[in-house]
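**Q** Contents are compact mmCIF, C-alpha atoms; file name data.txt:
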```txt
# COMPACT_ATOMS: atom_id res chain seq x y z
CA MET A 287 -9.39 33.25 -21.38
CA ARG A 288 -12.62 32.48 -19.57
CA GLY A 289 -14.69 29.63 -18.25
CA THR A 290 -14.71 27.35 -15.20
CA LEU A 291 -12.33 24.73 -13.94
CA PHE A 292 -14.59 22.35 -12.05
CA PHE A 293 -12.38 20.39 -9.67
CA VAL A 294 -13.67 17.13 -8.14
CA HIS A 295 -11.44 15.93 -5.33
CA GLY A 296 -10.49 12.36 -4.62
CA THR A 297 -11.03 9.77 -1.94
CA GLY A 298 -10.42 10.46 1.73
CA VAL A 299 -10.46 14.26 1.36
CA ARG A 300 -12.29 16.21 4.02
CA GLN A 301 -12.64 19.95 4.60
CA VAL A 302 -9.07 20.78 5.59
CA GLY A 303 -7.63 18.60 2.84
CA LEU A 304 -10.01 20.11 0.29
CA GLU A 305 -9.05 23.65 1.28
CA ARG A 306 -5.34 22.93 0.97
CA THR A 307 -5.70 21.06 -2.31
CA LEU A 308 -7.92 23.76 -3.71
CA ALA A 309 -5.36 26.39 -2.72
CA ALA A 310 -2.69 24.45 -4.64
CA VAL A 311 -4.98 24.14 -7.67
CA ARG A 312 -5.74 27.85 -7.67
CA ALA A 313 -2.05 28.67 -7.31
CA GLY A 314 -1.27 26.43 -10.29
CA VAL A 315 -4.04 28.01 -12.33
CA ALA A 316 -2.66 31.47 -11.59
CA LYS A 317 0.93 30.47 -12.34
CA SER A 318 -0.04 28.95 -15.68
CA LYS A 319 -1.85 32.21 -16.55
CA LEU A 320 -5.29 30.70 -16.95
CA ASP A 321 -6.53 34.26 -16.49
CA GLY A 322 -10.25 34.75 -16.12
CA VAL A 323 -10.89 31.10 -15.24
CA ALA A 324 -12.95 30.49 -12.11
CA VAL A 325 -12.10 27.46 -9.95
CA VAL A 326 -15.07 25.66 -8.41
CA ALA A 327 -14.85 22.56 -6.21
CA PRO A 328 -17.87 20.65 -4.87
CA ALA A 329 -17.19 19.51 -1.30
CA TRP A 330 -18.63 16.04 -1.77
CA GLY A 331 -16.21 14.40 0.70
CA PRO A 332 -17.04 16.53 3.74
CA ARG A 333 -20.74 16.23 2.93
CA LEU A 334 -21.16 12.68 1.58
CA GLY A 335 -17.92 10.86 2.38
CA ALA A 336 -17.76 7.76 4.55
CA PRO A 337 -18.38 8.52 8.24
CA VAL A 338 -15.73 7.23 10.63
CA ASP A 339 -17.15 8.23 14.01
CA ARG A 340 -18.13 4.64 14.89
CA ILE A 341 -14.93 2.90 13.81
CA ALA A 342 -13.65 2.55 17.38
CA GLN A 343 -16.64 0.38 18.23
CA VAL A 344 -15.54 -2.39 15.88
CA LEU A 345 -11.81 -2.50 16.70
CA PRO A 346 -10.39 -5.32 18.85
CA GLN A 347 -8.76 -3.92 21.94
CA PRO A 348 -5.00 -4.28 22.50
CA ALA A 349 -3.97 -7.31 24.53
CA ARG A 350 -3.86 -6.53 28.23
CA ASP A 351 -1.10 -7.90 30.43
CA LEU A 352 -0.89 -6.46 33.93
CA ASP A 353 2.74 -7.54 34.21
CA ASP A 354 3.71 -5.14 31.42
CA ALA A 355 1.52 -2.12 32.08
CA THR A 356 -0.60 -0.57 34.78
CA ARG A 357 -4.23 0.17 34.38
CA ASP A 358 -6.03 3.32 35.40
CA LEU A 359 -9.15 1.75 36.89
CA THR A 360 -11.03 5.04 37.06
CA GLU A 361 -10.70 5.76 33.34
CA ASP A 362 -10.56 2.15 32.08
CA VAL A 363 -7.55 2.99 29.93
CA TRP A 364 -3.88 2.10 30.04
CA SER A 365 -1.66 4.58 31.81
CA LEU A 366 1.41 3.32 29.95
CA GLU A 367 1.70 2.37 26.29
CA PRO A 368 -0.60 -0.60 25.67
CA PRO A 369 1.06 -4.00 26.01
CA VAL A 370 0.91 -6.56 23.26
CA ALA A 371 0.28 -10.28 23.29
CA ASP A 372 3.03 -12.77 22.47
CA GLN A 373 1.35 -13.76 19.23
CA ASP A 374 1.33 -10.11 18.14
CA VAL A 375 5.06 -9.85 18.75
CA VAL A 376 5.76 -13.04 16.82
CA ALA A 377 3.60 -11.82 13.95
CA ALA A 378 5.45 -8.49 13.97
CA MET A 379 8.80 -10.32 14.02
CA TRP A 380 7.88 -12.29 10.92
CA ALA A 381 6.59 -9.14 9.24
CA LEU A 382 10.06 -7.65 9.74
CA LEU A 383 11.77 -10.79 8.44
CA VAL A 384 9.57 -11.13 5.36
CA GLU A 385 10.24 -7.51 4.53
CA ASP A 386 13.98 -8.04 5.08
CA PRO A 387 14.93 -11.73 5.45
CA LEU A 388 18.48 -10.83 6.50
CA PHE A 389 17.35 -8.42 9.21
CA GLU A 390 18.05 -10.77 12.11
CA LEU A 391 21.46 -11.82 10.81
CA ARG A 392 22.35 -8.19 10.22
CA LEU A 393 21.58 -7.38 13.86
CA VAL A 394 23.87 -10.19 15.01
CA ALA A 395 26.63 -9.09 12.66
CA GLN A 396 26.63 -5.62 14.19
CA ALA A 397 28.03 -7.12 17.38
CA GLY A 398 31.39 -7.30 15.61
CA PRO A 399 33.75 -10.20 14.78
CA GLY A 400 34.07 -12.88 17.41
CA GLY A 401 37.50 -13.96 16.21
CA GLY A 402 39.12 -15.69 13.27
CA SER A 403 37.28 -18.93 13.83
CA GLN A 404 36.35 -19.73 10.23
CA ALA A 405 32.76 -19.80 11.47
CA ASP A 406 31.71 -17.94 8.34
CA VAL A 407 32.94 -20.73 6.08
CA ALA A 408 31.27 -23.37 8.22
CA ALA A 409 27.98 -21.47 8.32
CA VAL A 410 27.91 -21.15 4.55
CA ALA A 411 28.62 -24.88 4.28
CA ARG A 412 25.62 -25.66 6.47
CA LEU A 413 23.36 -23.56 4.27
CA GLN A 414 24.80 -25.15 1.16
CA GLY A 415 23.70 -28.49 2.57
CA LEU A 416 20.10 -27.30 2.15
CA VAL A 417 20.87 -26.65 -1.51
CA SER A 418 22.12 -30.16 -2.21
CA GLU A 419 20.15 -32.33 0.23
CA PRO A 420 16.33 -32.63 0.22
CA VAL A 421 14.38 -31.65 3.33
CA VAL A 422 11.05 -33.07 4.44
CA LEU A 423 8.51 -30.50 3.26
CA GLU A 424 5.23 -32.30 3.82
CA GLY A 425 2.47 -29.96 4.92
CA THR A 426 4.30 -26.78 3.91
CA ASP A 427 3.29 -26.39 0.23
CA VAL A 428 6.92 -25.42 -0.40
CA GLU A 429 8.99 -27.05 -3.14
CA GLN A 430 12.56 -28.30 -2.80
CA ASP A 431 13.80 -25.86 -5.40
CA GLU A 432 12.35 -22.97 -3.36
CA VAL A 433 14.33 -24.10 -0.34
CA ALA A 434 17.47 -24.51 -2.43
CA GLU A 435 17.15 -21.06 -4.01
CA ALA A 436 16.47 -19.38 -0.68
CA ALA A 437 19.33 -21.19 1.04
CA GLN A 438 21.66 -20.23 -1.79
CA ALA A 439 20.65 -16.58 -1.45
CA VAL A 440 21.17 -16.55 2.32
CA SER A 441 24.50 -18.38 2.06
CA ALA A 442 25.77 -15.82 -0.47
CA ALA A 443 24.75 -12.82 1.65
CA PRO A 444 27.61 -11.06 3.44
CA GLU A 445 25.31 -10.67 6.47
CA THR A 446 25.45 -14.43 7.01
CA ALA A 447 29.22 -14.60 7.11
CA ALA A 448 29.40 -11.52 9.33
CA ALA A 449 26.83 -12.96 11.75
CA ALA A 450 28.73 -16.26 11.96
CA LEU A 451 31.97 -14.43 12.71
CA ALA A 452 30.22 -12.37 15.37
CA VAL A 453 28.94 -15.53 17.06
CA GLY A 454 32.21 -17.37 16.51
CA ASP A 455 30.64 -20.82 16.20
CA ALA A 456 28.70 -22.03 13.16
CA ALA A 457 27.19 -24.82 15.26
CA ASP A 458 25.67 -22.39 17.75
CA PRO A 459 22.01 -23.48 17.91
CA ASP A 460 20.77 -19.89 17.99
CA LEU A 461 22.75 -19.02 14.86
CA VAL A 462 21.54 -22.15 13.08
CA GLU A 463 17.93 -21.28 13.92
CA ALA A 464 18.42 -17.68 12.81
CA MET A 465 19.77 -18.90 9.45
CA ALA A 466 16.77 -21.22 9.13
CA ARG A 467 14.42 -18.30 9.77
CA ALA A 468 16.26 -16.28 7.13
CA VAL A 469 15.72 -19.06 4.60
CA VAL A 470 12.02 -19.38 5.43
CA ALA A 471 11.57 -15.59 5.34
CA THR A 472 13.23 -15.51 1.92
CA ILE A 473 10.74 -18.10 0.71
CA LEU A 474 7.81 -16.19 2.20
CA ALA A 475 8.97 -12.96 0.58
CA THR A 476 8.47 -14.54 -2.84
CA HIS A 477 4.82 -15.23 -2.01
CA THR A 478 3.75 -11.82 -0.74
CA LEU A 479 1.88 -11.07 -3.96
CA ASP A 480 0.19 -14.47 -4.30
CA LEU A 481 -3.51 -14.31 -5.04
CA PRO A 482 -5.75 -15.00 -2.03
CA GLY A 483 -6.13 -18.72 -1.54
CA THR A 484 -3.01 -19.63 -3.51
CA GLU A 485 -0.45 -18.96 -0.77
CA PRO A 486 1.57 -21.88 0.59
CA ALA A 487 0.64 -23.21 4.01
CA VAL A 488 3.76 -21.69 5.57
CA ALA A 489 2.50 -18.22 4.64
CA VAL A 490 -0.85 -18.55 6.38
CA ASN A 491 -0.22 -21.22 9.02
CA ALA A 492 2.18 -20.28 11.82
CA THR A 493 2.54 -23.89 12.92
CA ALA A 494 3.58 -25.00 9.44
CA ARG A 495 6.00 -22.07 9.20
CA ASP A 496 7.63 -22.83 12.56
CA GLU A 497 7.86 -26.54 11.74
CA LEU A 498 9.69 -25.69 8.53
CA VAL A 499 12.15 -23.55 10.49
CA ASP A 500 12.75 -26.51 12.81
CA ARG A 501 13.26 -28.93 9.92
CA LEU A 502 15.76 -26.66 8.23
CA ALA A 503 17.60 -26.04 11.49
CA ASP A 504 17.75 -29.78 12.18
CA ALA A 505 19.08 -30.42 8.67
CA MET A 506 21.79 -27.78 9.09
CA ALA A 507 22.72 -29.11 12.54
CA GLU A 508 23.21 -32.58 11.00
CA GLY A 509 21.43 -34.32 13.84
CA ASP A 510 23.39 -32.61 16.61
CA ARG A 511 21.29 -29.55 17.30
CA GLY A 512 21.49 -28.13 20.78
CA LEU A 513 18.81 -26.16 22.57
CA PRO A 514 18.81 -22.48 21.60
CA THR A 515 18.83 -19.84 24.33
CA ASP A 516 17.04 -17.39 22.02
CA TRP A 517 19.65 -14.69 22.58
CA ILE A 518 19.70 -13.99 18.83
CA LYS A 519 15.94 -14.21 18.46
CA ASP A 520 15.55 -11.79 21.36
CA LYS A 521 17.38 -9.16 19.33
CA VAL A 522 14.76 -9.12 16.59
CA ILE A 523 11.97 -9.63 19.15
CA GLY A 524 12.98 -6.31 20.70
CA PHE A 525 12.40 -4.55 17.39
CA ALA A 526 9.24 -6.56 16.77
CA LYS A 527 7.78 -5.72 20.16
CA ARG A 528 8.24 -2.02 19.53
CA LYS A 529 6.59 -2.42 16.14
CA ALA A 530 3.69 -4.42 17.58
CA THR A 531 3.29 -1.91 20.42
CA ALA A 532 3.28 0.94 17.92
CA LEU A 533 0.58 -0.81 15.93
CA ALA A 534 -1.53 -1.25 19.06
CA THR A 535 -0.96 2.38 20.06
CA ASN A 536 -1.84 3.63 16.61
CA ARG A 537 -4.97 1.51 16.58
CA ARG A 538 -6.10 3.03 19.93
CA GLU A 539 -5.28 6.53 18.76
CA GLY A 540 -7.40 6.21 15.66
CA LEU A 541 -5.19 4.82 12.93
CA MET A 542 -8.24 3.23 11.36
CA ALA A 543 -10.21 6.44 11.65
CA ALA A 544 -7.37 8.26 9.91
CA SER A 545 -6.95 5.78 7.06
CA LEU A 546 -10.48 4.56 6.50
CA PRO A 547 -11.94 7.67 4.86
CA GLY A 548 -10.01 6.80 1.70
CA LEU A 549 -11.08 3.17 1.50
CA GLY A 550 -14.45 3.95 3.01
CA ASP A 551 -15.23 6.57 0.36
CA ILE A 552 -14.61 4.05 -2.41
CA ILE A 553 -16.78 1.41 -0.77
CA ARG A 554 -19.51 3.91 0.03
CA TYR A 555 -19.41 5.29 -3.50
CA GLN A 556 -20.09 1.81 -4.86
CA ARG A 557 -23.28 1.70 -2.79
CA ARG A 558 -24.26 5.39 -2.60
CA GLY A 559 -22.71 6.77 -5.76
CA ASP A 560 -25.99 8.18 -7.00
CA LEU A 561 -26.06 10.63 -4.09
CA VAL A 562 -22.55 11.83 -4.86
CA ARG A 563 -23.27 12.18 -8.59
CA GLU A 564 -26.48 14.09 -7.93
CA PHE A 565 -24.63 16.50 -5.66
CA VAL A 566 -21.81 17.04 -8.17
CA ALA A 567 -24.32 17.52 -11.00
CA GLU A 568 -26.12 20.18 -8.98
CA GLN A 569 -22.85 22.03 -8.48
CA LEU A 570 -22.17 21.92 -12.23
CA ALA A 571 -25.40 23.69 -13.11
CA GLY A 572 -25.16 27.27 -14.34
CA LEU A 573 -21.37 27.54 -14.48
CA GLU A 574 -19.73 29.83 -17.02
CA ARG A 575 -18.71 28.02 -20.19
CA PRO A 576 -16.43 26.53 -21.18
CA VAL A 577 -16.47 24.08 -18.29
CA VAL A 578 -13.43 21.86 -17.90
CA ALA A 579 -14.12 19.11 -15.35
CA VAL A 580 -10.96 17.92 -13.59
CA GLY A 581 -11.25 14.84 -11.40
CA HIS A 582 -8.51 13.54 -9.13
CA SER A 583 -8.48 9.88 -8.09
CA LEU A 584 -12.06 8.89 -7.14
CA GLY A 585 -13.10 12.31 -8.41
CA GLY A 586 -12.22 11.07 -11.89
CA ILE A 587 -14.43 8.02 -11.43
CA ILE A 588 -17.28 10.26 -10.31
CA LEU A 589 -16.94 12.40 -13.43
CA VAL A 590 -16.61 9.46 -15.82
CA ASP A 591 -19.75 7.94 -14.32
CA LEU A 592 -21.64 11.24 -14.24
CA LEU A 593 -20.84 12.22 -17.82
CA THR A 594 -22.18 8.93 -19.19
CA GLN A 595 -25.60 9.43 -17.58
CA GLU A 596 -28.55 9.86 -19.93
CA GLN A 597 -29.17 13.39 -18.61
CA ALA A 598 -25.53 14.35 -18.10
CA PRO A 599 -24.64 17.92 -17.18
CA VAL A 600 -22.92 20.10 -19.77
CA VAL A 601 -19.13 19.83 -19.72
CA ASP A 602 -16.72 20.82 -22.49
CA ARG A 603 -13.64 18.84 -21.48
CA LEU A 604 -12.94 15.97 -19.11
CA ILE A 605 -9.55 15.69 -17.43
CA THR A 606 -8.79 12.85 -15.02
CA VAL A 607 -5.66 12.97 -12.89
CA GLY A 608 -4.26 9.95 -11.05
CA SER A 609 -7.56 8.21 -11.69
CA GLN A 610 -8.69 4.63 -11.25
CA SER A 611 -11.58 4.98 -13.71
CA PRO A 612 -9.82 2.88 -16.40
CA LEU A 613 -9.21 0.15 -13.81
CA PHE A 614 -12.81 0.28 -12.65
CA PHE A 615 -13.93 -0.11 -16.26
CA ALA A 616 -11.57 -3.07 -16.76
CA ILE A 617 -13.06 -4.88 -13.75
CA ASP A 618 -16.64 -3.86 -14.63
CA ALA A 619 -17.09 -1.60 -11.60
CA LEU A 620 -18.24 1.67 -13.24
CA ASP A 621 -21.86 2.78 -13.14
CA ARG A 622 -22.89 2.61 -16.82
CA LEU A 623 -19.74 2.02 -18.87
CA ARG A 624 -19.29 -1.75 -19.16
CA PRO A 625 -16.82 -3.91 -21.07
CA GLY A 626 -18.31 -5.58 -24.12
CA GLN A 627 -21.15 -3.09 -24.55
CA GLN A 628 -21.34 -0.67 -27.46
CA THR A 629 -23.19 2.04 -25.55
CA PRO A 630 -22.78 4.30 -23.83
CA LEU A 631 -19.36 5.47 -24.94
CA PRO A 632 -17.11 7.35 -22.54
CA PHE A 633 -17.28 11.14 -22.59
CA THR A 634 -14.78 12.82 -24.89
CA PRO A 635 -12.61 14.86 -25.24
CA TRP A 636 -10.94 13.12 -22.31
CA LEU A 637 -7.39 13.85 -21.17
CA ASN A 638 -6.05 11.30 -18.66
CA ILE A 639 -2.95 12.40 -16.74
CA TYR A 640 -0.98 9.68 -15.00
CA ASN A 641 2.33 9.09 -13.23
CA ARG A 642 3.91 5.65 -13.43
CA ASN A 643 5.18 6.15 -9.85
CA ASP A 644 1.60 6.70 -8.71
CA LEU A 645 0.30 3.16 -8.23
CA LEU A 646 -3.27 4.48 -8.24
CA SER A 647 -3.09 5.96 -11.74
CA PHE A 648 -3.99 4.00 -14.87
CA LEU A 649 -4.08 4.33 -18.67
CA ALA A 650 -7.42 4.98 -20.37
CA THR A 651 -6.63 4.42 -24.04
CA GLY A 652 -5.88 0.72 -23.60
CA VAL A 653 -9.36 -0.19 -22.39
CA PHE A 654 -11.21 2.00 -24.88
CA PRO A 655 -9.67 1.03 -28.22
CA GLY A 656 -11.23 2.73 -31.19
CA VAL A 657 -12.74 5.56 -29.15
CA ASP A 658 -11.51 8.87 -30.53
CA GLY A 659 -10.76 11.77 -28.24
CA ILE A 660 -9.06 9.94 -25.34
CA THR A 661 -5.45 10.84 -24.59
CA ASP A 662 -3.08 9.57 -21.91
CA VAL A 663 -0.23 11.87 -20.87
CA GLU A 664 2.47 11.03 -18.35
CA VAL A 665 3.93 13.42 -15.79
CA ASP A 666 6.63 12.80 -13.19
CA ALA A 667 6.64 14.33 -9.70
CA GLY A 668 9.96 12.76 -8.71
CA VAL A 669 8.52 11.38 -5.47
CA PRO A 670 7.57 7.80 -4.56
CA PHE A 671 4.18 6.32 -3.83
CA PRO A 672 2.00 7.16 -1.93
CA GLU A 673 3.17 10.79 -2.00
CA SER A 674 3.10 10.68 -5.80
CA HIS A 675 -0.68 10.28 -5.72
CA SER A 676 -1.12 13.75 -4.19
CA ALA A 677 1.80 15.46 -5.94
CA TYR A 678 0.06 16.39 -9.20
CA TRP A 679 -1.03 19.79 -7.91
CA GLN A 680 2.56 20.79 -7.26
CA LEU A 681 3.56 20.17 -10.89
CA ASP A 682 3.66 22.98 -13.44
CA ASP A 683 3.34 20.34 -16.16
CA VAL A 684 -0.15 19.39 -14.96
CA PHE A 685 -1.43 22.93 -15.24
CA GLU A 686 0.24 23.42 -18.60
CA LEU A 687 -1.62 20.32 -19.81
CA ILE A 688 -4.88 21.73 -18.46
CA LYS A 689 -4.17 25.03 -20.17
CA GLY A 690 -3.33 23.28 -23.43
CA ALA A 691 -6.61 21.35 -23.25
CA TRP A 692 -8.69 24.46 -22.59
CA PRO A 693 -11.36 24.76 -25.30
CA ALA A 694 -11.06 27.99 -27.21
CA ASP A 695 -14.22 27.55 -29.26
CA ALA A 696 -16.70 26.24 -26.67
CA VAL A 697 -20.25 27.58 -26.71
CA PRO A 698 -20.53 30.48 -24.22
```
Please go through the file and, once you have read it, give me the structure as C-alpha cells.
**A**
Amino acid sequence: MRGTLFFVHGTGVRQVGLERTLAAVRAGVAKSKLDGVAVVAPAWGPRLGAPVDRIAQVLPQPARDLDDATRDLTEDVWSLEPPVADQDVVAAMWALLVEDPLFELRLVAQAGPGGGSQADVAAVARLQGLVSEPVVLEGTDVEQDEVAEAAQAVSAAPETAAAALAVGDAADPDLVEAMARAVVATILATHTLDLPGTEPAVAVNATARDELVDRLADAMAEGDRGLPTDWIKDKVIGFAKRKATALATNRREGLMAASLPGLGDIIRYQRRGDLVREFVAEQLAGLERPVVAVGHSLGGIILVDLLTQEQAPVVDRLITVGSQSPLFFAIDALDRLRPGQQTPLPFTPWLNIYNRNDLLSFLATGVFPGVDGITDVEVDAGVPFPESHSAYWQLDDVFELIKGAWPADAVP
C-alpha cells in the first residue's frame, strides 16, 4: 500500500496539540497496517489560528472588596483569591439551582430528620396549593400551568419531604422560600434551550425572578409568612460563592485564553479562510498519490471548502471526522457550496465519520440528497461530550474505515 494520508486538524489545536494528535494518528495508521502510507499534517493552527495574546485586555476585572481580600499594592494584584461581588454570587446560586432545582433542598435534608413532626406532609400540602390555586404572574411571562407542573414536581421529590423533616416546621419562612426557589428553578430549567429573545422575563430579569419567588412563597405561607433568616439560603450561597470565586480566578488565570482558540479559529476562518485554504493547498502540492485527505472538525470544513474551489488541489478521497461541514452547508456558511444551487457539487468520494455522542459531528447525506459518493458511518468511543469530539484517534474502527476507503486504483 502506498500514498499519503493528509491530515487537517481541527479548531483550537496548536503545536503541542497537533504533535500529540499526529502521534495518535500515526499510531493508528501503523496498527491498521496502512504500510507504506506517509502521514502529512499542515500546521495551520499554530501558523494561522486565532491569536489570544490580547484577550486579557478585554476582560472585566473581578469585583474588588477590601473586606474579603488584601491587595498587594506594589504588584496591583490580589494576594488572596479574588473576591466576588454579591450579584456574581447570586447569579452563581441560580446557575446551580437551574442545573439542579432540588440542590438547595437536598443540602437542607442532609442535616438529618428534625423529628416526627409531620412537617413533610404539611410541606407537600403547601406546594400542592400552588397546583390548585392561581398565583399572580403578571410581568413574569410564566403561565399558570408551568407553575402547577413545577410545584407538582417539587412536591413529589423525596428531597422536599426530607428537607421539611430536617427543619421540623413546614411553616418555617426559610423552608417556604427555599421551596419557592425550587419551583422557580424548575420552571427556568425548562427554558434553558429557548431561542434568544423568546425566554420568559424571569429567565433574563433578576427582579422578575425574585418577585416570582416572593409571590410563590407568600401563596404557600397563606398570608402568614414570617421573615426568613436566610440560614437555608446561606447553605447554597456557600457553594455559589466558591463557584463564583472559581470563575473569577479562572478568568484571571486565562480561562478565556485557554478556551478561545477553538471559537476564535472558527470566527477567524469565516473572515480569513482564504489564507488557511491557500496554506493547506500549498502543503498538498507534490504529495505521493493516492492522497486521502482526512479532516477533523474545522479541518473537515477547510477541506470541503478547498476541494470545491475552481482550481482545487488533487485529492483522491475525502474523509471528514467529527465535522461540522454539513451543518455549515445547512446554514449557508460554507465558502462555495450553497443550498439551492446546482453547482458546484461537493467533492466525492466523501466518507463522513460521526459519533452521535459527539455533539459537534453531523450527517452529510441528509443535506446532499441525490449526490452519489457520500457516505455517513457511525463510530462509538464510549465517552461523553466533549471528550468524544477528540476520541476518534483512539478508535481502531476509525482507522479501519480509513483503510477500507483507501483507493487501490488511484493514478500514481
**Q** Pick out the residues sitting within 9 Å of A:Val600, and hand them over as a ChimeraX atom specification; count only C-alpha atoms, and ignore anything fewer than 6 positions along from it in its own chain.
**A** /A:570-571,575,577,593
**Q** Give as a ChimeraX atom specification each residue that has an atom at most 12 Å from (24.0, -9.6, 13.6) in the file, counting all atoms listed in the file.
**A** /A:388-400,444-454,460-461,464-465,517-522
**Q** Quick one: residues within 7 Å of A:Val428, all atoms listed in the file counted, chain neighbours fewer than 3 positions away excluded, as a count of residues only?
**A** 3
**Q** Between atom CA of A:Gln627 and atom CA of A:Phe648, measure the distance and give it in Å to one decimal.
**A** 20.9 Å
**Q** Between A:Ala505, A:Ala436, A:Val311, A:Ala468, which is the closest to A:Val384 once you count only C-alpha atoms?
**A**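 Of A:Ala505, A:Ala436, A:Val311, A:Ala468, the one nearest A:Val384, counting only C-alpha atoms, is A:Ala468.
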**Q** Would you please work out which residue, of A:Phe565, A:Phe633, A:Phe614, A:Trp380, is nearest to A:Val490 when using all atoms listed in the file?
**A**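 Result for the nearest residue to A:Val490: A:Trp380.
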**Q** Quick one: residues within 12 Å of A:Leu573, all atoms listed in the file, excluding same-chain residues fewer than 2 positions away - as a list of chain:residue names?
**A**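 These residues fall inside the cut-off: A:Arg288, A:Gly289, A:Thr290, A:Leu291, A:Phe292, A:Val323, A:Ala324, A:Val325, A:Val326, A:Ala327, A:Ala567, A:Glu568, A:Gln569, A:Leu570, A:Ala571, A:Arg575, A:Pro576, A:Val577, A:Val578, A:Ala579, A:Pro599, A:Val600, A:Val601, A:Asp602, A:Pro698.
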**Q** May I ask for the distance between atom CA of A:Gln680 and atom CA of A:Trp330, given in Å to one decimal place?
**A**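 These two atoms are separated by 22.4 Å.
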**Q** Quick one: pull the distance between atom CA of A:Ala466 and atom CA of A:Leu502, Å, one decimal.
**A** 5.6 Å
**Q** Pick the closest to A:Val440 from A:Ala487, A:Val669, A:Leu649, A:Asp386: which is it, counting all atoms listed in the file?
**A**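 Of A:Ala487, A:Val669, A:Leu649, A:Asp386, the one nearest A:Val440, counting all atoms listed in the file, is A:Asp386.
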**Q** Hey, what's within 9 Å of A:Ser676 if we count all atoms listed in the file and toss same-chain stuff fewer than 4 positions away? As an mmCIF file with C-alpha atoms, in the frame of the given file, please?
**A**
```cif
data_model
loop_
_atom_site.group_PDB
_atom_site.id
_atom_site.type_symbol
_atom_site.label_atom_id
_atom_site.label_comp_id
_atom_site.auth_asym_id
_atom_site.auth_seq_id
_atom_site.Cartn_x
_atom_site.Cartn_y
_atom_site.Cartn_z
ATOM 1 C CA THR A 307 -5.700 21.060 -2.310
ATOM 2 C CA HIS A 582 -8.510 13.540 -9.130
ATOM 3 C CA GLY A 608 -4.260 9.950 -11.050
ATOM 4 C CA ASP A 644 1.600 6.700 -8.710
ATOM 5 C CA PRO A 672 2.000 7.160 -1.930
ATOM 6 C CA GLN A 680 2.560 20.790 -7.260
#
```
**Q** Can you list, as a ChimeraX atom specification, every protein, DNA or RNA residue that comes within 10 Å of A:Leu320 when you count all atoms listed in the file, leaving out same-chain residues fewer than 2 positions away?
**A** /A:287-289,291,312,314-318,322-324,685-686,688-689,692
**Q** Determine, counting all atoms listed in the file, every residue of protein, DNA or RNA that lies within 7 Å of (-16.4, 7.3, -19.4) in the file coordinates, then give the result as a PyMOL selection string.
**A** chain A and resi 590-591+593-594+623+631-633
**Q** With only C-alpha atoms as the atoms that count, which of A:Asp683, A:Asp662, A:Glu385, A:Glu673 lies nearest to A:Ser609?
**A**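 Ranked by minimum distance to A:Ser609, first place goes to A:Asp662.
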**Q** Return the single residue from A:Trp636, A:Phe615, A:Phe654, A:Phe525 that is closest to A:Ala381, with distances computed using only C-alpha atoms.
**A**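 Checking each candidate against A:Ala381, we get A:Phe525 as the closest.
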**Q** Compare A:Ser403, A:Ser674, A:Thr634, A:Asn643 by their minimum atom-to-atom distance to A:Val657, counting all atoms listed in the file, and give me the closest one.
**A**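 Looking only at the distances to A:Val657, the closest residue turns out to be A:Thr634.
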**Q** Taking N, CA and C atoms as the atom set, what does stretch 478-490 of chain A look like once completed, written as a PDB file, in the frame of the given file?
**A**
```
ATOM      1  N   THR A 478       4.539 -12.923  -1.293  1.00  0.00           N
ATOM      2  CA  THR A 478       3.750 -11.820  -0.740  1.00  0.00           C
ATOM      3  C   THR A 478       2.681 -11.311  -1.701  1.00  0.00           C
ATOM      4  N   LEU A 479       2.868 -11.546  -2.984  1.00  0.00           N
ATOM      5  CA  LEU A 479       1.880 -11.070  -3.960  1.00  0.00           C
ATOM      6  C   LEU A 479       1.014 -12.200  -4.508  1.00  0.00           C
ATOM      7  N   ASP A 480       1.051 -13.364  -3.862  1.00  0.00           N
ATOM      8  CA  ASP A 480       0.190 -14.470  -4.300  1.00  0.00           C
ATOM      9  C   ASP A 480      -1.273 -14.071  -4.186  1.00  0.00           C
ATOM     10  N   LEU A 481      -2.075 -14.558  -5.111  1.00  0.00           N
ATOM     11  CA  LEU A 481      -3.510 -14.310  -5.040  1.00  0.00           C
ATOM     12  C   LEU A 481      -4.094 -14.987  -3.806  1.00  0.00           C
ATOM     13  N   PRO A 482      -5.126 -14.384  -3.208  1.00  0.00           N
ATOM     14  CA  PRO A 482      -5.750 -15.000  -2.030  1.00  0.00           C
ATOM     15  C   PRO A 482      -6.157 -16.435  -2.303  1.00  0.00           C
ATOM     16  N   GLY A 483      -5.793 -17.311  -1.395  1.00  0.00           N
ATOM     17  CA  GLY A 483      -6.130 -18.720  -1.540  1.00  0.00           C
ATOM     18  C   GLY A 483      -5.064 -19.540  -2.227  1.00  0.00           C
ATOM     19  N   THR A 484      -4.065 -18.888  -2.813  1.00  0.00           N
ATOM     20  CA  THR A 484      -3.010 -19.630  -3.510  1.00  0.00           C
ATOM     21  C   THR A 484      -1.704 -19.635  -2.716  1.00  0.00           C
ATOM     22  N   GLU A 485      -1.673 -19.013  -1.552  1.00  0.00           N
ATOM     23  CA  GLU A 485      -0.450 -18.960  -0.770  1.00  0.00           C
ATOM     24  C   GLU A 485      -0.105 -20.343  -0.226  1.00  0.00           C
ATOM     25  N   PRO A 486       1.189 -20.611  -0.039  1.00  0.00           N
ATOM     26  CA  PRO A 486       1.570 -21.880   0.590  1.00  0.00           C
ATOM     27  C   PRO A 486       1.161 -21.891   2.049  1.00  0.00           C
ATOM     28  N   ALA A 487       1.067 -23.084   2.624  1.00  0.00           N
ATOM     29  CA  ALA A 487       0.640 -23.210   4.010  1.00  0.00           C
ATOM     30  C   ALA A 487       1.545 -22.430   4.957  1.00  0.00           C
ATOM     31  N   VAL A 488       2.842 -22.377   4.676  1.00  0.00           N
ATOM     32  CA  VAL A 488       3.760 -21.690   5.570  1.00  0.00           C
ATOM     33  C   VAL A 488       3.497 -20.190   5.637  1.00  0.00           C
ATOM     34  N   ALA A 489       2.798 -19.650   4.654  1.00  0.00           N
ATOM     35  CA  ALA A 489       2.500 -18.220   4.640  1.00  0.00           C
ATOM     36  C   ALA A 489       1.283 -17.874   5.481  1.00  0.00           C
ATOM     37  N   VAL A 490       0.409 -18.829   5.688  1.00  0.00           N
ATOM     38  CA  VAL A 490      -0.850 -18.550   6.380  1.00  0.00           C
ATOM     39  C   VAL A 490      -1.050 -19.410   7.620  1.00  0.00           C
TER      40      VAL A 490
END
```
